$ cat entry.cif   # mmCIF, C-alpha atoms and all ligand atoms
data_upload
#
loop_
_atom_site.label_atom_id
_atom_site.label_comp_id
_atom_site.auth_asym_id
_atom_site.auth_seq_id
_atom_site.Cartn_x
_atom_site.Cartn_y
_atom_site.Cartn_z
CA MET A 1 185.54 89.99 80.09
CA LYS A 2 184.57 91.92 76.96
CA ASN A 3 181.65 90.53 74.92
CA GLU A 4 182.36 89.78 71.29
CA THR A 5 180.17 91.67 68.84
CA LEU A 6 179.25 89.30 66.04
CA LEU A 7 178.06 90.55 62.68
CA PHE A 8 174.88 88.84 61.56
CA ALA A 9 173.20 88.75 58.17
CA ASP A 10 169.63 87.46 58.27
CA ALA A 11 168.65 85.04 55.48
CA ALA A 12 165.20 86.64 55.44
CA VAL A 13 164.72 89.37 52.81
CA GLU A 14 162.89 92.61 53.56
CA SER A 15 161.98 93.16 49.92
CA LEU A 16 162.56 91.51 46.57
CA GLU A 17 165.76 93.30 45.66
CA ILE A 18 169.16 91.75 44.96
CA ASN A 19 170.68 94.10 47.47
CA LYS A 20 168.53 92.65 50.27
CA THR A 21 169.59 89.05 49.77
CA LEU A 22 172.19 87.05 51.64
CA PRO A 23 175.16 87.27 49.20
CA ALA A 24 174.77 91.07 49.07
CA LYS A 25 174.62 91.23 52.86
CA PHE A 26 177.68 88.96 53.02
CA LYS A 27 179.65 91.44 50.90
CA ARG A 28 178.65 94.24 53.27
CA MET A 29 179.68 92.18 56.29
CA LEU A 30 183.14 91.63 54.82
CA LYS A 31 183.46 95.35 54.14
CA LYS A 32 182.34 96.16 57.67
CA LYS A 33 184.96 93.78 59.03
CA LYS A 34 187.70 95.93 57.43
CA LEU A 35 189.51 93.00 55.86
CA GLN A 36 192.24 95.28 54.52
CA GLU A 37 193.49 95.97 58.04
CA LYS A 38 193.60 92.23 58.69
CA VAL A 39 194.90 90.51 55.57
CA ALA A 40 196.93 93.04 53.54
CA ASP A 41 200.24 91.48 52.42
CA LYS A 42 199.43 88.21 54.16
CA ASN A 43 199.06 84.64 52.96
CA VAL A 44 195.46 83.76 53.75
CA ALA A 45 194.10 80.22 54.18
CA ILE A 46 190.35 79.62 54.09
CA LYS A 47 189.45 76.33 55.77
CA MET A 48 186.16 74.88 54.64
CA HIS A 49 184.50 71.51 54.23
CA LEU A 50 183.93 70.71 50.57
CA GLY A 51 181.44 67.96 51.41
CA GLY A 52 181.31 64.71 49.49
CA GLY A 53 179.44 62.50 47.04
CA ILE A 54 176.11 63.96 46.00
CA GLY A 55 175.74 66.22 49.02
CA TYR A 56 174.32 69.62 48.11
CA THR A 57 174.05 71.48 51.40
CA THR A 58 177.60 72.72 51.98
CA ILE A 59 178.36 76.45 51.60
CA SER A 60 177.41 77.52 48.08
CA PRO A 61 180.34 78.44 45.77
CA VAL A 62 178.55 81.80 45.27
CA PHE A 63 179.51 82.81 48.82
CA VAL A 64 182.99 81.28 48.71
CA ARG A 65 183.79 83.24 45.54
CA ILE A 66 182.66 86.47 47.22
CA LEU A 67 184.91 85.77 50.20
CA VAL A 68 187.92 84.96 48.02
CA GLN A 69 187.45 88.13 45.95
CA SER A 70 187.07 90.25 49.09
CA VAL A 71 190.31 88.86 50.50
CA LYS A 72 192.08 89.61 47.22
CA ASP A 73 190.61 93.11 47.06
CA ALA A 74 191.85 93.68 50.61
CA GLY A 75 195.42 93.24 49.36
CA ALA A 76 196.28 89.73 50.53
CA LYS A 77 199.58 88.42 49.19
CA SER A 78 197.89 85.09 48.41
CA VAL A 79 194.66 83.30 49.19
CA PHE A 80 193.91 79.59 49.01
CA ILE A 81 191.23 77.19 50.21
CA ILE A 82 192.14 74.11 52.23
CA ASP A 83 190.21 71.01 53.16
CA GLY A 84 191.23 67.70 54.70
CA LYS A 85 190.22 65.85 51.56
CA ASN A 86 191.81 65.86 48.15
CA PRO A 87 190.32 69.08 46.71
CA GLU A 88 189.57 67.37 43.40
CA GLU A 89 186.79 65.60 45.24
CA GLY A 90 184.98 68.96 45.42
CA ILE A 91 184.76 69.36 41.64
CA PRO A 92 181.39 67.55 41.22
CA ARG A 93 179.83 70.05 43.65
CA GLY A 94 181.23 73.13 41.95
CA TYR A 95 184.32 73.76 44.06
CA THR A 96 186.95 74.47 41.42
CA SER A 97 189.65 77.12 41.23
CA GLU A 98 187.93 78.60 38.14
CA VAL A 99 184.67 79.08 40.03
CA LEU A 100 186.09 80.13 43.38
CA GLY A 101 188.93 82.28 42.06
CA CYS A 102 191.81 80.73 43.97
CA GLN A 103 193.75 77.54 44.44
CA LEU A 104 192.29 74.64 46.40
CA LEU A 105 194.76 72.57 48.38
CA SER A 106 194.74 69.57 50.63
CA CYS A 107 195.45 70.55 54.24
CA PHE A 108 198.32 68.09 54.03
CA GLY A 109 200.03 69.31 50.85
CA HIS A 110 200.61 67.51 47.59
CA SER A 111 202.30 64.62 49.36
CA GLY A 112 199.38 64.14 51.75
CA ASN A 113 201.91 63.98 54.60
CA TYR A 114 202.55 67.65 55.27
CA TYR A 115 201.68 68.13 58.92
CA ARG A 116 203.28 69.17 62.18
CA PRO A 117 203.03 67.12 65.35
CA GLU A 118 201.77 68.91 68.43
CA PRO A 119 201.77 67.25 71.87
CA ILE A 120 198.34 66.97 73.51
CA GLY A 121 198.87 64.37 76.24
CA TYR A 122 195.31 63.32 76.95
CA LYS A 123 194.64 59.57 77.08
CA SER A 124 194.76 58.10 73.53
CA LEU A 125 195.27 61.61 72.18
CA ASP A 126 198.99 61.79 72.92
CA GLU A 127 199.64 64.16 70.03
CA ALA A 128 197.80 65.80 67.14
CA LEU A 129 199.15 66.12 63.61
CA LEU A 130 198.18 69.60 62.41
CA SER A 131 197.83 70.67 58.78
CA GLY A 132 201.12 72.00 57.40
CA GLU A 133 199.34 74.20 54.86
CA ALA A 134 197.22 75.79 57.58
CA MET A 135 200.19 76.36 59.85
CA ASP A 136 202.09 78.06 57.04
CA CYS A 137 199.50 80.80 56.50
CA ASP A 138 199.68 84.25 58.10
CA PHE A 139 195.93 84.62 58.45
CA PHE A 140 193.39 81.84 58.96
CA ILE A 141 189.71 82.05 58.03
CA ASP A 142 187.55 79.35 59.56
CA LEU A 143 184.63 79.15 57.09
CA SER A 144 182.11 76.72 58.53
CA HIS A 145 178.77 75.25 57.62
CA VAL A 146 176.66 74.71 60.73
CA LYS A 147 174.84 71.37 60.97
CA GLY A 148 174.13 68.52 63.37
CA HIS A 149 176.59 65.76 64.25
CA GLY A 150 175.93 62.33 65.69
CA THR A 151 178.96 62.07 67.95
CA CYS A 152 178.99 65.52 69.52
CA GLY A 153 175.61 67.08 68.67
CA PHE A 154 176.74 69.72 66.22
CA GLY A 155 179.45 70.93 63.90
CA GLY A 156 180.46 74.57 63.48
CA ALA A 157 183.64 76.64 63.74
CA LEU A 158 185.23 74.46 66.41
CA LYS A 159 184.62 71.19 64.63
CA ASN A 160 185.77 72.60 61.28
CA ILE A 161 189.19 72.93 62.92
CA ALA A 162 189.15 69.97 65.30
CA MET A 163 188.24 67.41 62.66
CA GLY A 164 189.28 69.41 59.62
CA VAL A 165 192.96 70.30 60.03
CA ILE A 166 194.07 66.84 61.15
CA PRO A 167 194.72 63.64 59.18
CA PRO A 168 192.86 60.34 59.73
CA GLU A 169 195.44 59.10 62.30
CA THR A 170 194.60 61.96 64.67
CA ARG A 171 190.88 61.78 63.92
CA SER A 172 190.96 58.14 64.90
CA LYS A 173 192.67 59.02 68.20
CA ILE A 174 189.88 61.49 68.99
CA HIS A 175 187.28 58.87 68.12
CA HIS A 176 189.00 56.43 70.48
CA LEU A 177 188.10 58.77 73.33
CA GLU A 178 184.40 58.28 72.72
CA GLY A 179 182.45 55.52 74.35
CA GLY A 180 180.16 55.19 77.32
CA LEU A 181 178.80 51.68 76.77
CA THR A 182 180.85 48.60 77.49
CA ILE A 183 180.06 44.97 76.89
CA ASP A 184 181.25 42.06 78.97
CA ARG A 185 181.86 39.47 76.28
CA ASP A 186 182.07 36.64 78.82
CA LYS A 187 178.48 37.30 79.81
CA CYS A 188 177.06 37.92 76.32
CA VAL A 189 175.11 34.96 74.85
CA TYR A 190 174.49 36.74 71.50
CA CYS A 191 170.71 36.73 71.85
CA LEU A 192 170.60 40.05 69.91
CA LYS A 193 167.90 41.54 72.11
CA CYS A 194 170.03 44.67 72.37
CA PHE A 195 170.48 44.82 68.60
CA LYS A 196 166.72 44.57 68.04
CA SER A 197 165.87 47.09 70.74
CA CYS A 198 168.24 49.82 69.56
CA PRO A 199 166.19 52.59 67.92
CA ASN A 200 169.16 54.17 66.18
CA GLU A 201 171.11 51.41 64.44
CA ALA A 202 173.90 52.05 66.91
CA ILE A 203 174.62 48.36 67.52
CA TRP A 204 176.33 46.33 64.85
CA LYS A 205 176.36 42.56 64.84
CA ASP A 206 178.89 40.11 63.51
CA ASP A 207 177.20 36.74 62.95
CA GLU A 208 180.51 35.00 62.27
CA LYS A 209 182.22 36.13 65.43
CA LYS A 210 178.90 36.26 67.29
CA GLU A 211 179.79 39.68 68.66
CA ILE A 212 178.04 43.00 68.91
CA THR A 213 179.82 46.36 68.80
CA PHE A 214 178.63 49.92 69.35
CA PHE A 215 178.60 52.67 66.73
CA PHE A 216 178.76 55.66 69.07
CA HIS A 217 178.04 58.18 66.35
CA ASN A 218 174.42 56.97 66.27
CA CYS A 219 174.02 56.21 69.97
CA THR A 220 171.76 58.57 71.90
CA TYR A 221 172.44 56.81 75.25
CA CYS A 222 168.79 55.85 75.65
CA GLN A 223 169.94 52.70 77.54
CA HIS A 224 167.37 50.43 75.90
CA CYS A 225 170.15 47.93 75.25
CA VAL A 226 171.27 48.07 78.88
CA MET A 227 167.74 47.38 80.08
CA VAL A 228 166.82 44.55 77.69
CA CYS A 229 170.01 42.53 78.06
CA PRO A 230 169.03 39.39 80.01
CA GLU A 231 172.64 38.74 81.00
CA LYS A 232 173.38 42.24 82.26
CA ALA A 233 176.32 42.25 79.87
CA ILE A 234 176.04 45.93 78.90
CA THR A 235 176.90 48.73 81.26
CA MET A 236 176.84 52.45 80.74
CA GLU A 237 179.47 54.81 82.09
CA ASP A 238 177.84 58.11 82.87
CA ARG A 239 178.57 60.81 80.26
CA LYS A 240 181.71 59.12 78.88
CA PHE A 241 180.64 60.48 75.50
CA GLU A 242 181.82 63.89 76.68
CA GLU A 243 185.39 62.79 75.98
CA PHE A 244 184.96 63.22 72.24
CA SER A 245 184.00 66.87 72.71
CA ARG A 246 186.92 67.34 75.07
CA GLY A 247 189.32 65.82 72.54
CA MET A 248 188.09 68.17 69.84
CA ALA A 249 188.49 71.15 72.16
CA LEU A 250 192.08 70.12 72.99
CA VAL A 251 193.05 69.86 69.32
CA THR A 252 191.31 73.14 68.45
CA SER A 253 193.08 74.89 71.30
CA ALA A 254 196.48 73.55 70.22
CA PHE A 255 195.85 74.76 66.68
CA LEU A 256 194.52 78.22 67.54
CA LYS A 257 197.41 78.92 69.91
CA LYS A 258 199.70 78.87 66.88
CA PHE A 259 198.06 82.10 65.68
CA LYS A 260 197.80 85.59 67.09
CA PRO A 261 194.12 86.31 67.83
CA GLN A 262 194.16 89.17 65.29
CA ASP A 263 195.13 86.68 62.57
CA LEU A 264 191.93 84.67 62.90
CA LEU A 265 188.44 85.18 61.49
CA PHE A 266 185.41 82.95 61.98
CA ILE A 267 182.45 82.79 59.61
CA ASN A 268 179.51 80.44 60.28
CA PHE A 269 176.86 79.73 57.65
CA LEU A 270 173.51 78.86 59.19
CA THR A 271 171.95 77.71 55.95
CA ASN A 272 170.80 74.21 54.97
CA ILE A 273 171.16 73.12 58.58
CA THR A 274 170.91 69.36 58.32
CA ILE A 275 170.77 66.57 60.90
CA TYR A 276 174.18 65.15 60.00
CA CYS A 277 177.64 66.25 58.97
CA ASP A 278 178.65 67.09 55.38
CA CYS A 279 180.97 64.07 55.29
CA TRP A 280 178.03 61.66 54.85
CA GLU A 281 178.20 62.22 51.06
CA PHE A 282 174.51 63.01 50.81
CA SER A 283 172.14 65.69 52.03
CA THR A 284 168.80 65.68 53.82
CA PRO A 285 166.24 68.50 54.08
CA SER A 286 166.87 71.35 56.51
CA LEU A 287 165.99 70.88 60.17
CA VAL A 288 165.02 74.55 60.56
CA PRO A 289 164.56 77.42 58.08
CA ASP A 290 167.74 79.14 56.93
CA ILE A 291 168.95 81.61 59.57
CA GLY A 292 171.81 83.53 57.96
CA ILE A 293 175.52 84.20 58.41
CA LEU A 294 177.55 85.04 61.53
CA MET A 295 181.04 86.57 61.45
CA GLY A 296 183.38 87.37 64.31
CA ASP A 297 186.76 87.09 65.98
CA ASP A 298 185.89 84.74 68.84
CA ILE A 299 185.32 81.05 68.16
CA ALA A 300 183.38 80.39 71.37
CA ALA A 301 181.09 83.36 70.78
CA ILE A 302 180.30 82.42 67.19
CA ASP A 303 179.54 78.76 67.92
CA THR A 304 177.46 79.66 70.97
CA ALA A 305 175.47 82.23 68.99
CA SER A 306 174.96 79.72 66.18
CA LEU A 307 173.51 77.18 68.59
CA ASP A 308 171.36 79.78 70.34
CA MET A 309 169.79 80.73 67.01
CA ILE A 310 168.70 77.15 66.21
CA LYS A 311 165.43 76.69 68.07
CA THR A 312 163.44 73.51 68.70
CA GLU A 313 160.18 75.33 67.93
CA ASP A 314 161.46 76.01 64.39
CA LEU A 315 161.93 72.30 63.60
CA LEU A 316 160.69 71.46 60.11
CA PRO A 317 158.95 68.05 59.92
CA LYS A 318 160.93 66.92 56.89
CA GLY A 319 164.25 67.69 58.60
CA LEU A 320 164.22 64.41 60.50
CA PRO A 321 164.42 61.09 58.67
CA LYS A 322 161.02 59.37 58.56
CA GLY A 323 160.05 57.79 61.86
CA ARG A 324 162.76 59.59 63.84
CA LYS A 325 161.37 61.27 66.96
CA LEU A 326 162.89 63.85 69.27
CA LEU A 327 164.25 62.44 72.53
CA ASP A 328 162.38 63.37 75.69
CA VAL A 329 165.28 65.34 77.16
CA ASP A 330 165.82 68.98 78.08
CA GLY A 331 168.26 71.09 76.17
CA HIS A 332 169.06 72.14 72.65
CA LEU A 333 167.36 70.77 69.53
CA PHE A 334 170.58 68.92 68.66
CA GLU A 335 170.56 67.27 72.09
CA LYS A 336 166.96 66.16 71.53
CA ILE A 337 168.11 64.63 68.23
CA HIS A 338 171.54 63.20 69.02
CA GLY A 339 171.46 62.83 72.82
CA LYS A 340 174.64 64.88 73.29
CA ASP A 341 174.91 68.42 74.62
CA PRO A 342 176.27 70.48 71.68
CA TYR A 343 177.57 73.25 74.00
CA LEU A 344 179.99 70.83 75.69
CA MET A 345 182.82 71.28 73.21
CA ILE A 346 182.60 75.06 73.60
CA ASN A 347 182.70 74.77 77.39
CA TYR A 348 185.81 72.63 77.15
CA LEU A 349 187.47 74.98 74.67
CA SER A 350 186.86 77.90 77.02
CA LYS A 351 188.95 76.05 79.62
CA TYR A 352 191.91 75.43 77.33
CA TYR A 353 191.95 78.54 75.15
CA ASP A 354 191.35 82.23 75.74
CA CYS A 355 187.88 82.64 74.25
CA ASN A 356 184.51 83.83 75.50
CA PRO A 357 181.06 82.41 74.72
CA GLU A 358 179.38 85.72 75.60
CA TYR A 359 178.36 87.78 72.59
CA LYS A 360 176.32 90.64 71.21
CA ILE A 361 174.80 90.71 67.74
CA LEU A 362 175.09 93.54 65.23
CA GLU A 363 172.71 92.92 62.35
CA MET A 364 173.77 93.88 58.83
CA LYS A 365 171.03 95.33 56.66
S1 LIG B 1 172.02 53.28 74.36
FE1 LIG B 1 170.24 53.29 72.99
S2 LIG B 1 171.01 54.17 71.08
FE2 LIG B 1 172.80 53.58 72.26
S3 LIG B 1 173.31 51.52 71.56
FE3 LIG B 1 171.98 51.28 73.36
S4 LIG B 1 169.92 51.12 72.53
FE4 LIG B 1 171.21 51.94 70.90
S1 LIG B 2 171.22 41.57 74.81
FE1 LIG B 2 172.98 41.15 76.09
S2 LIG B 2 173.35 38.97 75.84
FE2 LIG B 2 171.98 39.59 74.19
S3 LIG B 2 173.42 40.05 72.50
FE3 LIG B 2 173.04 41.97 73.59
S4 LIG B 2 174.71 42.08 75.06
FE4 LIG B 2 174.64 39.98 74.37
#
$ encode --input "entry.cif" --output "C-alpha cells" --more "lines below"
Ligand code: SF4
Ligand code: SF4
Amino acid sequence: MKNETLLFADAAVESLEINKTLPAKFKRMLKKKKLQEKVADKNVAIKMHLGGGIGYTTISPVFVRILVQSVKDAGAKSVFIIDGKNPEEGIPRGYTSEVLGCQLLSCFGHSGNYYRPEPIGYKSLDEALLSGEAMDCDFFIDLSHVKGHGTCGFGGALKNIAMGVIPPETRSKIHHLEGGLTIDRDKCVYCLKCFKSCPNEAIWKDDEKKEITFFFHNCTYCQHCVMVCPEKAITMEDRKFEEFSRGMALVTSAFLKKFKPQDLLFINFLTNITIYCDCWEFSTPSLVPDIGILMGDDIAAIDTASLDMIKTEDLLPKGLPKGRKLLDVDGHLFEKIHGKDPYLMINYLSKYYDCNPEYKILEMK
C-alpha cells in the first residue's frame, strides 16, 4: 500500500522574518497542495471546532482566514465553515464572517434539524444522523485542532468528524457504548470508599438516592475503586472503553464513504495542544511546545503522524493540572494521561474505511 506524503510546517522559526513563521508556511503548504485542481467550481465546506466559553486555544482566526482566502483564490464556487454548534457562539472568540471571509453555518442548517440518517448497526449505535450541510458540499476540508480527550485519549481529524458532524442524539448513542466499570447496586452499601479513593473525580455520588455513578470521561481505569470496595460491588470489564473509539470510527467511516477520496482534505493544527477537548469552554496551558501543521489526503496517516509527533519527553510541567501525575503505563503521552490508547480509533477506522496509517513527511520551509 502506498504511503501518504504529508506536508508539514514546523512551528519553529529559523530566523526572525515574517516569511519564516507558521502562517506564511501555511500559505505555502496550501499552494503546494494545488488547491485549484481540487476545489475549482466546487462548494467547499470547512469543518472546524469553534470552541466555547472563554477557551482561547482553538485554531487562530489568522489561519482560518488564510485557508478561506486560498480556497476562494483557487476558484471554489462557494466556501463556508461549519460546526456542530450555533456559529454565533464563536463570535466572542473572533470567529465571525467578517474576520474569516466566509459564512459560518451550523452543521444542521438554520432549522437545527438538517441531517441525513445513515445506518450503522452496532449495539446502541443503530444509526448516525450526519450533517446535512456537510453532505451537501462537493469538497470537504477537515480542519482540526489536535488536543487530548478524556474518553478516547485524543482528538484530531477523526474526532472532528465523528463527534463534529452529528447532532447530540447520535453523540449520546456513541457515549452509550463507553463503559468498563459496572456496579452491583444490590451489593453497594454506599460507604463512599470508592468515591474517596478515585484520583480523577470519575465517580459521582447522589446523596438523596444513595447511589454512585461513573463519569467515564475522567476514568483512567486505575481500578482503585474496584480494590477498595468492601462489598466487591464494582467490577471491571477488560478494555470495554475501546467501544467509544470503535463507535467514532464507525461514524467517521460512514461519513467519509459519502465522498470521493479526491474530494477530501485533512489539516491538523498541532498548536496549543491541551489536555482536554475544546468543548470544555476554557483552556489550559500547552502539554508540549507547539509542533506545527500537518496537511494530507489520508485521515489515518495524518492522525497517526500527529500522535507520533507528540512526545512524552516534551511534556511541559504546566500542561497538567496541579497535582495530576502521569500514569505508570507504557504507550503514548495521552495514554499516560487519560489511560486510553489514542491510536485505537485509527486502528478501528483502518478496518472500516480505506485509509492507511503509514506516512512520509515533506517539510515546508
Ligand atoms: S477506575 Fe480509577 S479513575 Fe476510574 S472510577 Fe475507579 S478509581 Fe476512578
Ligand atoms: S466502595 Fe463499594 S460499597 Fe462503598 S459506595 Fe463504592 S461501590 Fe458502594
$ closest_residue --input "entry.cif" --among "A:Cys102, A:Ile275, A:Ala74, A:Ile91" --to "Lys336 in chain A" --atoms "only C-alpha atoms"
A:Ile275
$ residues_around --input "entry.cif" --residues "Ala45 in chain A" --least-positions-apart "5" --cutoff "6 Å" --atoms "only C-alpha atoms" --output "ChimeraX atom specification"
/A:79-81,137,140
$ closest_atom_pairs --input "entry.cif" --of "range 277-339 of chain A" --to "range 27-30 of chain A" --cutoff "10 Å" --atoms "only C-alpha atoms" --output "CSV"
residue,atom,partner,partner_atom,distance
A:Ile293,CA,A:Met29,CA,9.2
A:Leu294,CA,A:Met29,CA,9.1
A:Met295,CA,A:Met29,CA,7.7
$ write_last_selection --input "entry.cif" --atoms "C-alpha atoms" --output "compact mmCIF listing (two decimals), in the coordinates of the input"
# COMPACT_ATOMS: atom_id res chain seq x y z
CA ILE A 293 175.52 84.20 58.41
CA LEU A 294 177.55 85.04 61.53
CA MET A 295 181.04 86.57 61.45
$ closest_residue --input "entry.cif" --among "A:Arg246, A:Lys258, A:Lys322, A:Lys360" --to "Tyr348 in chain A" --atoms "all atoms listed in the file"
A:Arg246
$ residues_around --input "entry.cif" --residues "range 165-178 of chain A" --least-positions-apart "4" --cutoff "7 Å" --atoms "all atoms listed in the file" --output "PDB file with C-alpha atoms, in the coordinates of the input"
ATOM      1  CA  GLY A  84     191.230  67.700  54.700  1.00  0.00           C
ATOM      2  CA  CYS A 107     195.450  70.550  54.240  1.00  0.00           C
ATOM      3  CA  SER A 124     194.760  58.100  73.530  1.00  0.00           C
ATOM      4  CA  LEU A 125     195.270  61.610  72.180  1.00  0.00           C
ATOM      5  CA  ALA A 128     197.800  65.800  67.140  1.00  0.00           C
ATOM      6  CA  LEU A 129     199.150  66.120  63.610  1.00  0.00           C
ATOM      7  CA  LEU A 130     198.180  69.600  62.410  1.00  0.00           C
ATOM      8  CA  SER A 131     197.830  70.670  58.780  1.00  0.00           C
ATOM      9  CA  ILE A 161     189.190  72.930  62.920  1.00  0.00           C
ATOM     10  CA  LYS A 240     181.710  59.120  78.880  1.00  0.00           C
ATOM     11  CA  PHE A 241     180.640  60.480  75.500  1.00  0.00           C
ATOM     12  CA  GLU A 243     185.390  62.790  75.980  1.00  0.00           C
ATOM     13  CA  PHE A 244     184.960  63.220  72.240  1.00  0.00           C
ATOM     14  CA  GLY A 247     189.320  65.820  72.540  1.00  0.00           C
ATOM     15  CA  MET A 248     188.090  68.170  69.840  1.00  0.00           C
TER      16      MET A 248
END
$ residues_near_ligand --input "entry.cif" --ligand "ligand LIG 1 (chain B)" --cutoff "10 Å" --atoms "all atoms listed in the file" --output "PyMOL selection string"
chain A and resi 180-181+193-204+213-228+234-236+338-339
$ closest_atom_pairs --input "entry.cif" --of "chain A" --to "ligand LIG 2 (chain B)" --cutoff "6 Å" --atoms "all atoms listed in the file" --output "CSV"
residue,atom,partner,partner_atom,distance
A:Cys188,CA,B:LIG2,FE4,3.7
A:Val189,CA,B:LIG2,S2,4.5
A:Tyr190,CA,B:LIG2,S3,3.6
A:Cys191,CA,B:LIG2,FE2,3.9
A:Leu192,CA,B:LIG2,S3,3.8
A:Lys193,CA,B:LIG2,S1,4.3
A:Cys194,CA,B:LIG2,S1,4.1
A:Cys229,CA,B:LIG2,S1,3.6
A:Pro230,CA,B:LIG2,FE1,5.8
A:Glu231,CA,B:LIG2,S2,5.2
A:Ala233,CA,B:LIG2,S4,5.1
A:Ile234,CA,B:LIG2,S4,5.6
$ closest_residue --input "entry.cif" --among "A:Val146, A:Lys77, A:Val44, A:Leu320" --to "Ile291 in chain A" --atoms "only C-alpha atoms"
A:Val146
$ residues_near_point --input "entry.cif" --point "(178.5, 85.4, 49.3)" --cutoff "9 Å" --atoms "only C-alpha atoms" --output "MDAnalysis selection string"
chainID A and resid 22:27 60:67
$ residues_near_point --input "entry.cif" --point "(169.9, 73.4, 51.9)" --cutoff "7 Å" --atoms "all atoms listed in the file" --output "PDB file with C-alpha atoms, in the frame of the given file"
ATOM      1  CA  TYR A  56     174.320  69.620  48.110  1.00  0.00           C
ATOM      2  CA  THR A  57     174.050  71.480  51.400  1.00  0.00           C
ATOM      3  CA  THR A 271     171.950  77.710  55.950  1.00  0.00           C
ATOM      4  CA  ASN A 272     170.800  74.210  54.970  1.00  0.00           C
ATOM      5  CA  ILE A 273     171.160  73.120  58.580  1.00  0.00           C
ATOM      6  CA  PRO A 285     166.240  68.500  54.080  1.00  0.00           C
ATOM      7  CA  SER A 286     166.870  71.350  56.510  1.00  0.00           C
TER       8      SER A 286
END
$ atom_distance --input "entry.cif" --atom1 "CA of Pro117 in chain A" --atom2 "CA of Cys277 in chain A"
26.2 Å
$ residues_around --input "entry.cif" --residues "Gly164 in chain A" --least-positions-apart "4" --cutoff "12 Å" --atoms "only C-alpha atoms" --output "count of residues only"
36
$ closest_residue --input "entry.cif" --among "A:Glu237, A:Asp73, A:Glu127, A:Asp10" --to "Lys31 in chain A" --atoms "all atoms listed in the file"
A:Asp73
$ atom_distance --input "entry.cif" --atom1 "CA of Asp341 in chain A" --atom2 "CA of Val329 in chain A"
10.4 Å
$ closest_residue --input "entry.cif" --among "A:Ile299, A:Met135, A:Val288, A:Ala40" --to "Pro261 in chain A" --atoms "all atoms listed in the file"
A:Ile299
$ atom_distance --input "entry.cif" --atom1 "CA of Cys152 in chain A" --atom2 "CA of Cys355 in chain A"
19.9 Å
$ closest_residue --input "entry.cif" --among "A:Gly296, A:Pro289, A:Gly75, A:Gly90" --to "Ile59 in chain A" --atoms "only C-alpha atoms"
A:Gly90
$ axis_aligned_box --input "entry.cif" --around "range 223-241 of chain A" --padding-each-side "6 Å" --output "AutoDock Vina command-line options"
--center_x 174.3 --center_y 49.8 --center_z 79.1 --size_x 26.9 --size_y 34.1 --size_z 19.6
$ residues_around --input "entry.cif" --residues "Gly101 in chain A" --least-positions-apart "2" --cutoff "7 Å" --atoms "all atoms listed in the file" --output "number ranges by chain"
A: 65, 68, 97-99
$ build_atoms --input "entry.cif" --residues "range 143-156 of chain A" --atoms "N, CA and C atoms" --output "compact mmCIF listing (two decimals), in the frame of the given file"
# COMPACT_ATOMS: atom_id res chain seq x y z
N LEU A 143 185.92 78.99 57.80
CA LEU A 143 184.63 79.15 57.09
C LEU A 143 183.82 77.87 57.28
N SER A 144 182.78 77.95 58.10
CA SER A 144 182.11 76.72 58.53
C SER A 144 180.64 76.69 58.16
N HIS A 145 180.20 75.50 57.80
CA HIS A 145 178.77 75.25 57.62
C HIS A 145 178.24 74.61 58.90
N VAL A 146 177.21 75.20 59.47
CA VAL A 146 176.66 74.71 60.73
C VAL A 146 175.62 73.61 60.44
N LYS A 147 175.77 72.50 61.14
CA LYS A 147 174.84 71.37 60.97
C LYS A 147 174.94 70.46 62.19
N GLY A 148 174.08 69.44 62.25
CA GLY A 148 174.13 68.52 63.37
C GLY A 148 175.27 67.52 63.22
N HIS A 149 175.55 66.80 64.31
CA HIS A 149 176.59 65.76 64.25
C HIS A 149 176.28 64.68 65.28
N GLY A 150 176.34 63.44 64.83
CA GLY A 150 175.93 62.33 65.69
C GLY A 150 176.78 62.16 66.92
N THR A 151 178.07 62.39 66.83
CA THR A 151 178.96 62.07 67.95
C THR A 151 179.05 63.18 68.99
N CYS A 152 178.81 64.41 68.57
CA CYS A 152 178.99 65.52 69.52
C CYS A 152 177.83 66.52 69.45
N GLY A 153 176.79 66.21 68.71
CA GLY A 153 175.61 67.08 68.67
C GLY A 153 175.60 68.05 67.51
N PHE A 154 176.75 68.72 67.29
CA PHE A 154 176.74 69.72 66.22
C PHE A 154 178.13 69.99 65.68
N GLY A 155 178.18 70.54 64.49
CA GLY A 155 179.45 70.93 63.90
C GLY A 155 179.38 72.38 63.47
N GLY A 156 180.38 73.16 63.88
CA GLY A 156 180.46 74.57 63.48
C GLY A 156 181.93 74.95 63.36
